[in-house]
>>> print(open('query_15.txt').read())   # compact mmCIF, C-alpha atoms
# COMPACT_ATOMS: atom_id res chain seq x y z
CA MET A 197 218.75 -67.07 -59.22
CA THR A 198 217.97 -63.80 -57.42
CA MET A 199 216.23 -61.31 -59.69
CA GLN A 200 217.37 -57.70 -59.51
CA LEU A 201 214.95 -54.79 -59.69
CA HIS A 202 216.43 -51.40 -60.57
CA CYS A 203 214.17 -49.02 -58.68
CA PHE A 204 213.73 -46.21 -56.17
CA GLY A 205 211.12 -45.75 -53.48
CA GLU A 206 209.28 -42.81 -55.03
CA SER A 207 208.56 -44.63 -58.30
CA GLY A 208 205.03 -46.01 -58.36
CA ASN A 209 205.85 -47.79 -61.60
CA ALA A 210 208.68 -49.64 -59.86
CA TYR A 211 206.42 -50.29 -56.86
CA LYS A 212 204.00 -52.25 -59.06
CA VAL A 213 206.79 -54.69 -59.88
CA ALA A 214 208.29 -54.82 -56.38
CA LEU A 215 204.86 -55.72 -55.03
CA ALA A 216 204.38 -58.42 -57.66
CA LEU A 217 207.80 -59.89 -56.82
CA GLU A 218 206.89 -59.94 -53.13
CA LEU A 219 203.37 -61.31 -53.55
CA THR A 220 204.50 -64.10 -55.90
CA GLY A 221 207.22 -65.12 -53.42
CA THR A 222 209.98 -64.47 -55.94
CA ASP A 223 213.62 -64.27 -54.79
CA TRP A 224 214.65 -60.68 -55.60
CA ARG A 225 216.66 -57.73 -54.44
CA PRO A 226 216.39 -54.01 -55.18
CA VAL A 227 219.19 -52.10 -56.94
CA PHE A 228 218.90 -48.43 -56.02
CA VAL A 229 218.73 -45.94 -58.89
CA ASP A 230 219.51 -42.41 -57.71
CA PHE A 231 216.88 -40.75 -59.87
CA PHE A 232 216.99 -37.40 -58.08
CA ASN A 233 220.70 -37.11 -58.86
CA GLY A 234 220.48 -38.09 -62.52
CA GLY A 235 220.69 -41.86 -62.04
CA THR A 236 218.47 -42.63 -65.04
CA ARG A 237 220.53 -40.35 -67.32
CA THR A 238 223.93 -42.00 -67.05
CA PRO A 239 225.38 -43.89 -70.05
CA GLU A 240 225.41 -47.05 -67.90
CA PHE A 241 221.71 -46.79 -67.14
CA ARG A 242 220.86 -45.89 -70.74
CA ALA A 243 222.71 -49.01 -71.88
CA LEU A 244 220.40 -51.00 -69.60
CA ASN A 245 217.27 -49.13 -70.74
CA GLU A 246 217.30 -46.77 -73.69
CA MET A 247 213.91 -45.45 -72.46
CA GLY A 248 215.68 -44.02 -69.43
CA GLU A 249 213.14 -45.24 -66.86
CA VAL A 250 212.77 -47.54 -63.92
CA PRO A 251 211.67 -50.25 -63.35
CA VAL A 252 214.21 -52.53 -65.00
CA LEU A 253 214.10 -56.21 -64.04
CA VAL A 254 217.16 -58.40 -64.57
CA ASP A 255 216.50 -62.15 -64.49
CA GLY A 256 219.75 -63.84 -65.53
CA ASP A 257 220.26 -62.90 -69.18
CA THR A 258 216.78 -61.43 -69.54
CA VAL A 259 216.51 -57.66 -69.09
CA LEU A 260 212.96 -56.31 -69.08
CA THR A 261 211.54 -52.79 -68.86
CA GLN A 262 208.06 -51.23 -68.75
CA SER A 263 206.07 -52.28 -65.69
CA GLY A 264 203.30 -53.82 -67.82
CA VAL A 265 205.77 -56.13 -69.59
CA ILE A 266 207.47 -57.12 -66.35
CA LEU A 267 204.16 -57.84 -64.60
CA ASP A 268 203.10 -60.01 -67.53
CA TYR A 269 206.44 -61.84 -67.42
CA LEU A 270 206.25 -62.47 -63.67
CA SER A 271 202.69 -63.74 -63.77
CA SER A 272 203.54 -66.08 -66.67
CA LYS A 273 206.69 -67.33 -64.98
CA THR A 274 205.13 -67.93 -61.54
CA GLY A 275 201.63 -68.90 -62.70
CA LYS A 276 200.25 -66.37 -60.23
CA LEU A 277 198.21 -63.15 -60.47
CA GLY A 278 197.62 -63.44 -64.21
CA GLY A 279 193.96 -64.38 -64.53
CA ARG A 280 192.44 -67.83 -65.06
CA SER A 281 191.45 -67.93 -68.73
CA ALA A 282 192.35 -66.33 -72.04
CA ALA A 283 189.43 -63.92 -71.61
CA GLU A 284 190.57 -62.96 -68.09
CA ARG A 285 194.14 -62.49 -69.30
CA ARG A 286 192.93 -60.13 -72.04
CA GLU A 287 190.91 -58.24 -69.45
CA VAL A 288 194.01 -58.01 -67.24
CA LEU A 289 195.99 -56.64 -70.19
CA ARG A 290 193.21 -54.14 -70.88
CA TRP A 291 193.48 -52.65 -67.40
CA LEU A 292 197.27 -52.63 -67.59
CA PHE A 293 197.04 -50.53 -70.75
CA TRP A 294 194.35 -48.30 -69.29
CA ASP A 295 196.51 -47.72 -66.22
CA ASN A 296 199.51 -46.78 -68.37
CA HIS A 297 197.44 -44.60 -70.65
CA LYS A 298 195.07 -42.89 -68.26
CA LEU A 299 195.98 -43.37 -64.60
CA SER A 300 199.61 -43.88 -63.59
CA THR A 301 201.13 -41.72 -66.31
CA GLN A 302 199.18 -38.69 -65.05
CA ALA A 303 199.36 -39.61 -61.35
CA GLY A 304 203.15 -39.98 -61.50
CA THR A 305 203.55 -36.67 -63.28
CA VAL A 306 201.28 -34.62 -61.03
CA ARG A 307 202.73 -36.18 -57.87
CA PHE A 308 206.22 -35.28 -59.10
CA LEU A 309 205.26 -31.71 -59.98
CA ALA A 310 203.38 -31.14 -56.72
CA ASN A 311 205.97 -32.65 -54.37
CA PHE A 312 209.41 -33.14 -55.85
CA LEU A 313 209.88 -30.04 -57.99
CA PRO A 314 210.75 -26.71 -56.31
CA GLU A 315 207.68 -24.50 -56.24
CA ALA A 316 209.34 -21.88 -58.44
CA LYS A 317 209.81 -24.45 -61.20
CA ARG A 318 206.22 -25.74 -61.26
CA PRO A 319 204.67 -25.03 -64.65
CA GLU A 320 201.59 -22.83 -64.33
CA GLY A 321 198.25 -24.53 -64.90
CA VAL A 322 199.53 -28.06 -65.42
CA ILE A 323 198.68 -29.51 -62.01
CA PRO A 324 194.95 -28.61 -62.10
CA PHE A 325 194.71 -29.80 -65.70
CA LEU A 326 196.20 -33.20 -64.88
CA GLN A 327 194.09 -33.45 -61.72
CA GLY A 328 190.99 -32.95 -63.86
CA ARG A 329 192.04 -35.78 -66.15
CA LEU A 330 192.82 -37.96 -63.13
CA LYS A 331 189.39 -37.30 -61.67
CA ALA A 332 187.87 -38.82 -64.82
CA SER A 333 190.12 -41.85 -64.35
CA TYR A 334 189.26 -42.30 -60.65
CA THR A 335 185.58 -42.11 -61.63
CA ILE A 336 186.00 -44.98 -64.10
CA LEU A 337 187.96 -47.14 -61.65
CA ASP A 338 185.61 -46.44 -58.74
CA ALA A 339 182.56 -47.34 -60.85
CA HIS A 340 184.27 -50.53 -62.03
CA LEU A 341 184.99 -51.56 -58.42
CA ALA A 342 181.40 -50.98 -57.25
CA GLY A 343 180.09 -54.45 -56.50
CA ARG A 344 183.35 -56.28 -57.16
CA ASP A 345 186.38 -56.98 -54.99
CA TRP A 346 189.08 -57.08 -57.67
CA ILE A 347 189.57 -55.47 -61.07
CA VAL A 348 189.41 -58.77 -62.98
CA GLY A 349 187.73 -62.01 -61.91
CA ASP A 350 187.39 -63.00 -58.26
CA GLY A 351 190.96 -62.67 -57.03
CA PRO A 352 193.89 -60.27 -57.16
CA THR A 353 195.81 -59.96 -60.42
CA ILE A 354 198.60 -57.83 -61.82
CA ALA A 355 195.85 -55.45 -63.01
CA ASP A 356 195.24 -54.53 -59.35
CA LEU A 357 198.96 -54.13 -58.70
CA SER A 358 199.36 -51.87 -61.71
CA CYS A 359 196.42 -49.59 -60.99
CA CYS A 360 197.32 -49.14 -57.29
CA GLY A 361 200.89 -48.13 -58.10
CA TYR A 362 200.64 -44.47 -57.05
CA LEU A 363 197.71 -44.69 -54.63
CA TYR A 364 199.43 -45.60 -51.33
CA TYR A 365 201.95 -42.76 -51.28
CA PRO A 366 201.60 -40.18 -48.49
CA GLU A 367 202.59 -37.11 -50.51
CA PRO A 368 199.47 -35.15 -51.52
CA PHE A 369 198.69 -34.86 -55.21
CA GLY A 370 194.93 -34.46 -55.20
CA PHE A 371 193.90 -38.07 -54.63
CA ASP A 372 191.83 -38.41 -51.46
CA ARG A 373 190.64 -41.93 -50.69
CA ALA A 374 187.57 -40.58 -48.89
CA ASP A 375 186.24 -39.29 -52.23
CA TRP A 376 186.32 -42.73 -53.82
CA PRO A 377 184.74 -45.34 -51.52
CA HIS A 378 185.12 -48.34 -53.83
CA ILE A 379 188.77 -47.54 -54.56
CA ASP A 380 189.30 -47.00 -50.83
CA ARG A 381 188.04 -50.46 -49.88
CA TRP A 382 189.90 -52.09 -52.76
CA LEU A 383 193.17 -50.49 -51.56
CA ASP A 384 192.48 -51.95 -48.09
CA ARG A 385 191.89 -55.34 -49.70
CA ILE A 386 195.22 -55.23 -51.55
CA ALA A 387 197.02 -54.04 -48.40
CA ALA A 388 195.60 -57.06 -46.54
CA LEU A 389 197.23 -59.56 -48.93
CA PRO A 390 199.93 -61.65 -47.22
CA GLY A 391 203.29 -60.08 -48.00
CA TRP A 392 201.96 -56.62 -48.89
CA LYS A 393 204.29 -53.79 -48.04
CA HIS A 394 204.27 -50.02 -48.46
CA PRO A 395 206.46 -48.64 -51.30
CA TYR A 396 208.95 -47.06 -48.88
CA GLU A 397 209.35 -50.38 -47.05
CA LEU A 398 209.89 -52.34 -50.23
CA MET A 399 212.35 -50.13 -52.10
CA PRO A 400 215.30 -47.94 -51.11
CA GLY A 401 215.01 -44.16 -51.28
CA ASN A 402 212.28 -41.85 -50.01
CA PRO A 403 211.69 -38.11 -49.60
CA SER A 404 213.15 -38.00 -46.07
CA ASP A 405 216.57 -38.85 -47.59
CA ARG A 406 216.51 -35.45 -49.26
CA ALA A 407 214.97 -33.45 -46.41
CA MET B 250 182.56 -62.66 -90.01
CA THR B 251 183.14 -58.95 -90.57
CA MET B 252 184.74 -57.29 -87.56
CA GLN B 253 183.40 -53.91 -86.51
CA LEU B 254 185.64 -51.11 -85.32
CA HIS B 255 183.99 -48.32 -83.34
CA CYS B 256 186.09 -45.31 -84.26
CA PHE B 257 186.34 -41.79 -85.65
CA GLY B 258 188.88 -40.28 -87.98
CA GLU B 259 190.57 -37.95 -85.51
CA SER B 260 191.43 -40.74 -83.06
CA GLY B 261 195.03 -41.85 -83.43
CA ASN B 262 194.34 -44.69 -81.02
CA ALA B 263 191.60 -45.98 -83.33
CA TYR B 264 193.88 -45.43 -86.34
CA LYS B 265 196.44 -47.89 -84.92
CA VAL B 266 193.78 -50.61 -85.02
CA ALA B 267 192.26 -49.61 -88.37
CA LEU B 268 195.72 -49.78 -89.91
CA ALA B 269 196.38 -53.20 -88.36
CA LEU B 270 193.04 -54.49 -89.70
CA GLU B 271 193.92 -53.21 -93.15
CA LEU B 272 197.53 -54.45 -93.21
CA THR B 273 196.57 -57.92 -91.97
CA GLY B 274 193.90 -58.18 -94.69
CA THR B 275 191.12 -58.61 -92.13
CA ASP B 276 187.47 -58.22 -93.17
CA TRP B 277 186.24 -55.19 -91.18
CA ARG B 278 184.06 -52.14 -91.30
CA PRO B 279 184.13 -48.91 -89.30
CA VAL B 280 181.25 -47.87 -87.03
CA PHE B 281 181.32 -44.10 -86.63
CA VAL B 282 181.36 -42.74 -83.07
CA ASP B 283 180.35 -39.08 -82.98
CA PHE B 284 182.92 -38.12 -80.33
CA PHE B 285 182.59 -34.37 -80.86
CA ASN B 286 178.87 -34.58 -80.08
CA GLY B 287 179.18 -36.75 -76.97
CA GLY B 288 179.17 -40.11 -78.74
CA THR B 289 181.48 -41.75 -76.16
CA ARG B 290 179.32 -40.53 -73.25
CA THR B 291 176.00 -42.16 -74.10
CA PRO B 292 174.70 -45.05 -71.96
CA GLU B 293 174.84 -47.30 -75.06
CA PHE B 294 178.50 -46.55 -75.64
CA ARG B 295 179.36 -46.89 -71.93
CA ALA B 296 177.68 -50.32 -71.96
CA LEU B 297 180.09 -51.26 -74.77
CA ASN B 298 183.11 -49.73 -73.03
CA GLU B 299 182.99 -48.53 -69.44
CA MET B 300 186.27 -46.69 -70.11
CA GLY B 301 184.39 -44.40 -72.49
CA GLU B 302 186.96 -44.51 -75.28
CA VAL B 303 187.46 -45.65 -78.83
CA PRO B 304 188.70 -47.92 -80.28
CA VAL B 305 186.31 -50.77 -79.56
CA LEU B 306 186.62 -53.88 -81.71
CA VAL B 307 183.69 -56.29 -82.00
CA ASP B 308 184.56 -59.74 -83.35
CA GLY B 309 181.44 -61.87 -83.00
CA ASP B 310 180.89 -62.27 -79.25
CA THR B 311 184.28 -60.82 -78.38
CA VAL B 312 184.35 -57.12 -77.49
CA LEU B 313 187.81 -55.64 -77.01
CA THR B 314 189.03 -52.20 -75.98
CA GLN B 315 192.41 -50.51 -75.51
CA SER B 316 194.42 -50.31 -78.73
CA GLY B 317 197.29 -52.34 -77.23
CA VAL B 318 194.98 -55.25 -76.39
CA ILE B 319 193.31 -55.16 -79.79
CA LEU B 320 196.64 -55.03 -81.65
CA ASP B 321 197.85 -58.02 -79.62
CA TYR B 322 194.62 -59.89 -80.39
CA LEU B 323 194.81 -59.18 -84.12
CA SER B 324 198.44 -60.20 -84.43
CA SER B 325 197.75 -63.43 -82.52
CA LYS B 326 194.65 -64.20 -84.57
CA THR B 327 196.22 -63.50 -87.98
CA GLY B 328 199.76 -64.60 -87.19
CA LYS B 329 200.99 -61.30 -88.63
CA LEU B 330 202.83 -58.25 -87.29
CA GLY B 331 203.48 -59.78 -83.86
CA GLY B 332 207.20 -60.53 -83.85
CA ARG B 333 208.91 -63.86 -84.52
CA SER B 334 209.93 -65.19 -81.10
CA ALA B 335 208.98 -64.89 -77.44
CA ALA B 336 211.75 -62.31 -76.98
CA GLU B 337 210.51 -60.26 -79.97
CA ARG B 338 206.94 -60.44 -78.71
CA ARG B 339 208.05 -59.10 -75.32
CA GLU B 340 209.94 -56.32 -77.09
CA VAL B 341 206.80 -55.53 -79.12
CA LEU B 342 204.77 -55.36 -75.91
CA ARG B 343 207.41 -53.11 -74.37
CA TRP B 344 207.02 -50.52 -77.12
CA LEU B 345 203.24 -50.79 -76.98
CA PHE B 346 203.39 -49.89 -73.29
CA TRP B 347 205.93 -47.15 -73.86
CA ASP B 348 203.71 -45.67 -76.58
CA ASN B 349 200.67 -45.70 -74.26
CA HIS B 350 202.65 -44.32 -71.35
CA LYS B 351 204.89 -41.77 -72.99
CA LEU B 352 203.98 -41.01 -76.59
CA SER B 353 200.36 -41.36 -77.75
CA THR B 354 198.74 -40.34 -74.48
CA GLN B 355 200.50 -36.96 -74.60
CA ALA B 356 200.33 -36.56 -78.38
CA GLY B 357 196.58 -37.18 -78.41
CA THR B 358 196.00 -34.71 -75.60
CA VAL B 359 198.13 -31.89 -76.98
CA ARG B 360 196.73 -32.33 -80.50
CA PHE B 361 193.22 -32.13 -79.08
CA LEU B 362 193.98 -29.03 -77.01
CA ALA B 363 195.79 -27.25 -79.85
CA ASN B 364 193.27 -28.02 -82.60
CA PHE B 365 189.88 -29.18 -81.42
CA LEU B 366 189.26 -27.05 -78.36
CA PRO B 367 188.17 -23.40 -78.78
CA GLU B 368 191.12 -21.11 -78.08
CA ALA B 369 189.33 -19.51 -75.11
CA LYS B 370 189.04 -22.90 -73.41
CA ARG B 371 192.70 -23.91 -73.75
CA PRO B 372 194.24 -24.33 -70.31
CA GLU B 373 197.17 -21.98 -69.82
CA GLY B 374 200.61 -23.58 -69.83
CA VAL B 375 199.54 -27.14 -70.58
CA ILE B 376 200.44 -27.27 -74.28
CA PRO B 377 204.11 -26.24 -73.84
CA PHE B 378 204.46 -28.59 -70.88
CA LEU B 379 203.15 -31.58 -72.83
CA GLN B 380 205.25 -30.60 -75.86
CA GLY B 381 208.33 -30.69 -73.63
CA ARG B 382 207.47 -34.19 -72.49
CA LEU B 383 206.79 -35.25 -76.08
CA LYS B 384 210.16 -33.93 -77.19
CA ALA B 385 211.79 -36.34 -74.73
CA SER B 386 209.72 -39.16 -76.24
CA TYR B 387 210.57 -38.26 -79.85
CA THR B 388 214.24 -38.19 -78.83
CA ILE B 389 214.02 -41.77 -77.51
CA LEU B 390 212.16 -43.06 -80.57
CA ASP B 391 214.43 -41.26 -83.04
CA ALA B 392 217.55 -42.66 -81.33
CA HIS B 393 216.05 -46.16 -81.34
CA LEU B 394 215.35 -45.93 -85.09
CA ALA B 395 218.86 -44.77 -85.96
CA GLY B 396 220.38 -47.68 -87.85
CA ARG B 397 217.26 -49.81 -87.89
CA ASP B 398 214.24 -49.91 -90.18
CA TRP B 399 211.57 -51.08 -87.73
CA ILE B 400 211.03 -50.76 -84.00
CA VAL B 401 211.39 -54.50 -83.34
CA GLY B 402 213.25 -57.07 -85.45
CA ASP B 403 213.61 -56.72 -89.19
CA GLY B 404 210.02 -56.21 -90.28
CA PRO B 405 206.95 -54.18 -89.37
CA THR B 406 205.04 -55.11 -86.22
CA ILE B 407 202.15 -53.75 -84.21
CA ALA B 408 204.78 -51.76 -82.24
CA ASP B 409 205.30 -49.62 -85.35
CA LEU B 410 201.55 -49.23 -85.88
CA SER B 411 201.06 -48.17 -82.27
CA CYS B 412 203.85 -45.61 -82.14
CA CYS B 413 202.90 -43.98 -85.46
CA GLY B 414 199.26 -43.50 -84.38
CA TYR B 415 199.30 -39.71 -84.10
CA LEU B 416 202.21 -38.91 -86.41
CA TYR B 417 200.52 -38.73 -89.84
CA TYR B 418 197.84 -36.19 -88.93
CA PRO B 419 198.01 -32.81 -90.68
CA GLU B 420 196.86 -30.68 -87.71
CA PRO B 421 199.87 -29.00 -86.07
CA PHE B 422 200.67 -29.95 -82.48
CA GLY B 423 204.39 -29.36 -82.32
CA PHE B 424 205.63 -32.49 -84.11
CA ASP B 425 207.68 -31.60 -87.16
CA ARG B 426 209.06 -34.58 -89.08
CA ALA B 427 212.03 -32.52 -90.28
CA ASP B 428 213.30 -32.37 -86.68
CA TRP B 429 213.45 -36.16 -86.37
CA PRO B 430 215.15 -37.69 -89.42
CA HIS B 431 214.97 -41.33 -88.29
CA ILE B 432 211.30 -41.03 -87.37
CA ASP B 433 210.71 -39.28 -90.69
CA ARG B 434 212.17 -42.12 -92.76
CA TRP B 435 210.42 -44.75 -90.64
CA LEU B 436 207.05 -43.04 -91.25
CA ASP B 437 207.79 -43.16 -95.00
CA ARG B 438 208.59 -46.85 -94.65
CA ILE B 439 205.28 -47.58 -92.90
CA ALA B 440 203.38 -45.49 -95.47
CA ALA B 441 204.95 -47.58 -98.26
CA LEU B 442 203.51 -50.86 -96.91
CA PRO B 443 200.91 -52.39 -99.25
CA GLY B 444 197.46 -51.38 -97.99
CA TRP B 445 198.61 -48.37 -95.95
CA LYS B 446 196.10 -45.54 -95.81
CA HIS B 447 195.92 -42.16 -94.11
CA PRO B 448 193.68 -41.97 -90.99
CA TYR B 449 191.08 -39.80 -92.74
CA GLU B 450 190.85 -42.29 -95.62
CA LEU B 451 190.46 -45.26 -93.31
CA MET B 452 187.90 -43.99 -90.81
CA PRO B 453 184.82 -41.75 -91.02
CA GLY B 454 184.91 -38.24 -89.55
CA ASN B 455 187.48 -35.50 -89.94
CA PRO B 456 187.82 -31.82 -89.03
CA SER B 457 186.33 -30.59 -92.32
CA ASP B 458 182.99 -32.11 -91.22
CA ARG B 459 182.84 -29.51 -88.49
CA ALA B 460 184.24 -26.57 -90.44
>>> encode(input="query_15.txt", output="structure tokens")
Amino acid sequence: MTMQLHCFGESGNAYKVALALELTGTDWRPVFVDFFNGGTRTPEFRALNEMGEVPVLVDGDTVLTQSGVILDYLSSKTGKLGGRSAAERREVLRWLFWDNHKLSTQAGTVRFLANFLPEAKRPEGVIPFLQGRLKASYTILDAHLAGRDWIVGDGPTIADLSCCGYLYYPEPFGFDRADWPHIDRWLDRIAALPGWKHPYELMPGNPSDRA
Amino acid sequence: MTMQLHCFGESGNAYKVALALELTGTDWRPVFVDFFNGGTRTPEFRALNEMGEVPVLVDGDTVLTQSGVILDYLSSKTGKLGGRSAAERREVLRWLFWDNHKLSTQAGTVRFLANFLPEAKRPEGVIPFLQGRLKASYTILDAHLAGRDWIVGDGPTIADLSCCGYLYYPEPFGFDRADWPHIDRWLDRIAALPGWKHPYELMPGNPSDRA
């Protein structure tokens, strides 16, 4: 049965899942959520996800939200990208939590504020503060990737797909690949995986729709 | 064997784990990390956790970090607080991710900025911005708890322990229980569990040490 992913192109959290669906060879289709016109605030969407966020994955009767949960579900179901032992799976989960706690949550917010909010509405001081916190996160990830190809073990896992969620987008938010050589090469490595696609190729909706 | 939890009293993320250790009846002891004097930045601590954060749980040869991973490990190991079916366990994981992504990460930051950073160093505009985001999170949690006693299923789980991590602290950061009646009663319910203790009773270090 074709899985449905409720998503929109600008969401790095949805991109993590779209990429996992693609790289595991899962049969899926995107369902566009019109976030910029209140699409996550409708009663219909809230009935699907009380948290009011994409991604939402529908697999028959199973409705899942939170990218970390969906990635874990897909790797369990397909036997791919999940790590090769209990210790590796715990390490994968560790980086999923770190990403949610320290990387993507701030990257998504600062990218939104810097690109998708009218300049007059941008809250004073918040962007540099979040960029400072992100710099600490890039430092940790870059150091971790020095001397290793993938975040966990010797092949790609959902930990890589989670942490890269916001790092391929073209809109500037203070992340410059040239500053982080190990992250830079790791992003090239992920982009070389068979089936890899850019977020705006994989999901409907992108900033040019609103230009 | 006695588990060791590297922690300090002010860390809500460490509190989640300390509370789980206590409520599952696990044999453990705290190891104080002197965060306010650079204790998470030393080479020794970084060797334990490259992410530079508490909590760190040491169980024999197993070293675990990220509160969500440790909570999952403890509930698996003890058979307690983890949910009663695969669907409940996924729902537990969903709230753990939501907490890391939307609740504790912001609550910890704003509480730190508002209480533990000298007023002159507080970045302009950041506290009200984060409080606005937190209000959206409290709204989601309060609505979820309307008409139910626990976040998942009909008993306490690690999802409850994760989401309550920063909500018992006395230092003001813009969370007032009176504004959120369902959260308020749920916090009373957790505090009535046999073995419950306040963060400053369970872990060494609290603001009066630095007064």
>>> closest_residue(input="query_15.txt", among="B:Asp437, B:Asp398, B:Glu302, B:Asp308", to="chain A", atoms="only C-alpha atoms")
B:Glu302
>>> closest_residue(input="query_15.txt", among="A:Asp380, A:Ala388, A:Leu217, A:Ser207", to="Lys276 in chain A", atoms="all atoms listed in the file")
A:Leu217
>>> atom_distance(input="query_15.txt", atom1="CA of Leu383 in chain A", atom2="CA of His340 in chain A")
13.7 Å
>>> closest_atom_pairs(input="query_15.txt", of="chain A", to="chain B", cutoff="6 Å", atoms="all atoms listed in the file", output="CSV")
residue,atom,partner,partner_atom,distance
A:Gln262,CA,B:Arg343,CA,6.0
A:Val265,CA,B:Arg343,CA,5.9
A:Arg290,CA,B:Val318,CA,5.9
A:Asn296,CA,B:His350,CA,5.0
A:His297,CA,B:Asn349,CA,5.0
A:Thr301,CA,B:His350,CA,5.9
A:Glu320,CA,B:Gly374,CA,5.6
A:Gly321,CA,B:Gly374,CA,5.5
A:Val322,CA,B:Val375,CA,5.2
>>> atom_distance(input="query_15.txt", atom1="CA of Gly361 in chain A", atom2="CA of Phe361 in chain B")
27.5 Å
>>> atom_distance(input="query_15.txt", atom1="CA of Gly309 in chain B", atom2="CA of Gly328 in chain B")
19.0 Å
>>> residues_around(input="query_15.txt", residues="Leu410 in chain B", least_positions_apart="3", cutoff="8 Å", atoms="all atoms listed in the file", output="ChimeraX atom specification")
/B:265-266,268-269,406-407,413-414
>>> write_last_selection(input="query_15.txt", atoms="C-alpha atoms", output="compact mmCIF listing (two decimals), in the frame of the given file")
# COMPACT_ATOMS: atom_id res chain seq x y z
CA LYS B 265 196.44 -47.89 -84.92
CA VAL B 266 193.78 -50.61 -85.02
CA LEU B 268 195.72 -49.78 -89.91
CA ALA B 269 196.38 -53.20 -88.36
CA THR B 406 205.04 -55.11 -86.22
CA ILE B 407 202.15 -53.75 -84.21
CA CYS B 413 202.90 -43.98 -85.46
CA GLY B 414 199.26 -43.50 -84.38
>>> residues_around(input="query_15.txt", residues="Ala214 in chain A", least_positions_apart="3", cutoff="8 Å", atoms="only C-alpha atoms", output="ChimeraX atom specification")
/A:201,210-211,217-218,398-399
>>> axis_aligned_box(input="query_15.txt", around="range 332-340 of chain B", padding_each_side="6 Å", output="JSON")
{"center_x": 209.3, "center_y": -60.8, "center_z": -79.9, "size_x": 16.8, "size_y": 20.9, "size_z": 21.2}
>>> closest_residue(input="query_15.txt", among="B:Phe365, B:Phe285, B:Phe257, B:Tyr449", to="Pro421 in chain B", atoms="all atoms listed in the file")
B:Phe365
>>> residues_around(input="query_15.txt", residues="Arg333 in chain B", least_positions_apart="5", cutoff="10 Å", atoms="only C-alpha atoms", output="MDAnalysis selection string")
chainID B and resid 328 338 401:404 406
>>> residues_around(input="query_15.txt", residues="Asp372 in chain A", least_positions_apart="4", cutoff="12 Å", atoms="only C-alpha atoms", output="list in words")
Gln327, Leu330, Lys331, Tyr334, Leu363, Tyr364, Tyr365, Pro366, Glu367, Pro368, Trp376, Pro377, Ile379 and Asp380 of chain A
>>> closest_residue(input="query_15.txt", among="B:Arg426, B:Arg295, B:Gln253, B:Asn262", to="Phe281 in chain B", atoms="all atoms listed in the file")
B:Gln253
>>> residues_around(input="query_15.txt", residues="Trp382 in chain A", least_positions_apart="3", cutoff="9 Å", atoms="only C-alpha atoms", output="VMD selection string")
chain A and resid 341 344 to 347 356 377 to 379 385 to 387
>>> build_atoms(input="query_15.txt", residues="range 281-289 of chain B", atoms="N, CA, C and O atoms", output="short mmCIF file (atom, residue, chain, number, x, y, z; two decimals), in the frame of the given file")
data_model
loop_
_atom_site.label_atom_id
_atom_site.label_comp_id
_atom_site.auth_asym_id
_atom_site.auth_seq_id
_atom_site.Cartn_x
_atom_site.Cartn_y
_atom_site.Cartn_z
N PHE B 281 180.97 -45.46 -87.02
CA PHE B 281 181.32 -44.10 -86.63
C PHE B 281 180.82 -43.76 -85.23
O PHE B 281 179.65 -43.96 -84.90
N VAL B 282 181.72 -43.24 -84.40
CA VAL B 282 181.36 -42.74 -83.07
C VAL B 282 181.47 -41.22 -83.13
O VAL B 282 182.54 -40.68 -83.43
N ASP B 283 180.38 -40.54 -82.83
CA ASP B 283 180.35 -39.08 -82.98
C ASP B 283 180.92 -38.41 -81.71
O ASP B 283 180.22 -37.75 -80.95
N PHE B 284 182.22 -38.59 -81.54
CA PHE B 284 182.92 -38.12 -80.33
C PHE B 284 182.66 -36.65 -80.04
O PHE B 284 182.43 -36.26 -78.90
N PHE B 285 182.68 -35.82 -81.08
CA PHE B 285 182.59 -34.37 -80.86
C PHE B 285 181.17 -33.93 -80.49
O PHE B 285 180.96 -32.78 -80.12
N ASN B 286 180.22 -34.86 -80.59
CA ASN B 286 178.87 -34.58 -80.08
C ASN B 286 178.49 -35.55 -78.96
O ASN B 286 177.33 -35.94 -78.83
N GLY B 287 179.48 -35.95 -78.17
CA GLY B 287 179.18 -36.75 -76.97
C GLY B 287 178.99 -38.24 -77.22
O GLY B 287 178.49 -38.95 -76.34
N GLY B 288 179.42 -38.72 -78.38
CA GLY B 288 179.17 -40.11 -78.74
C GLY B 288 179.83 -41.15 -77.84
O GLY B 288 179.41 -42.31 -77.82
N THR B 289 180.87 -40.77 -77.07
CA THR B 289 181.48 -41.75 -76.16
C THR B 289 180.90 -41.64 -74.75
O THR B 289 181.34 -42.33 -73.84
#
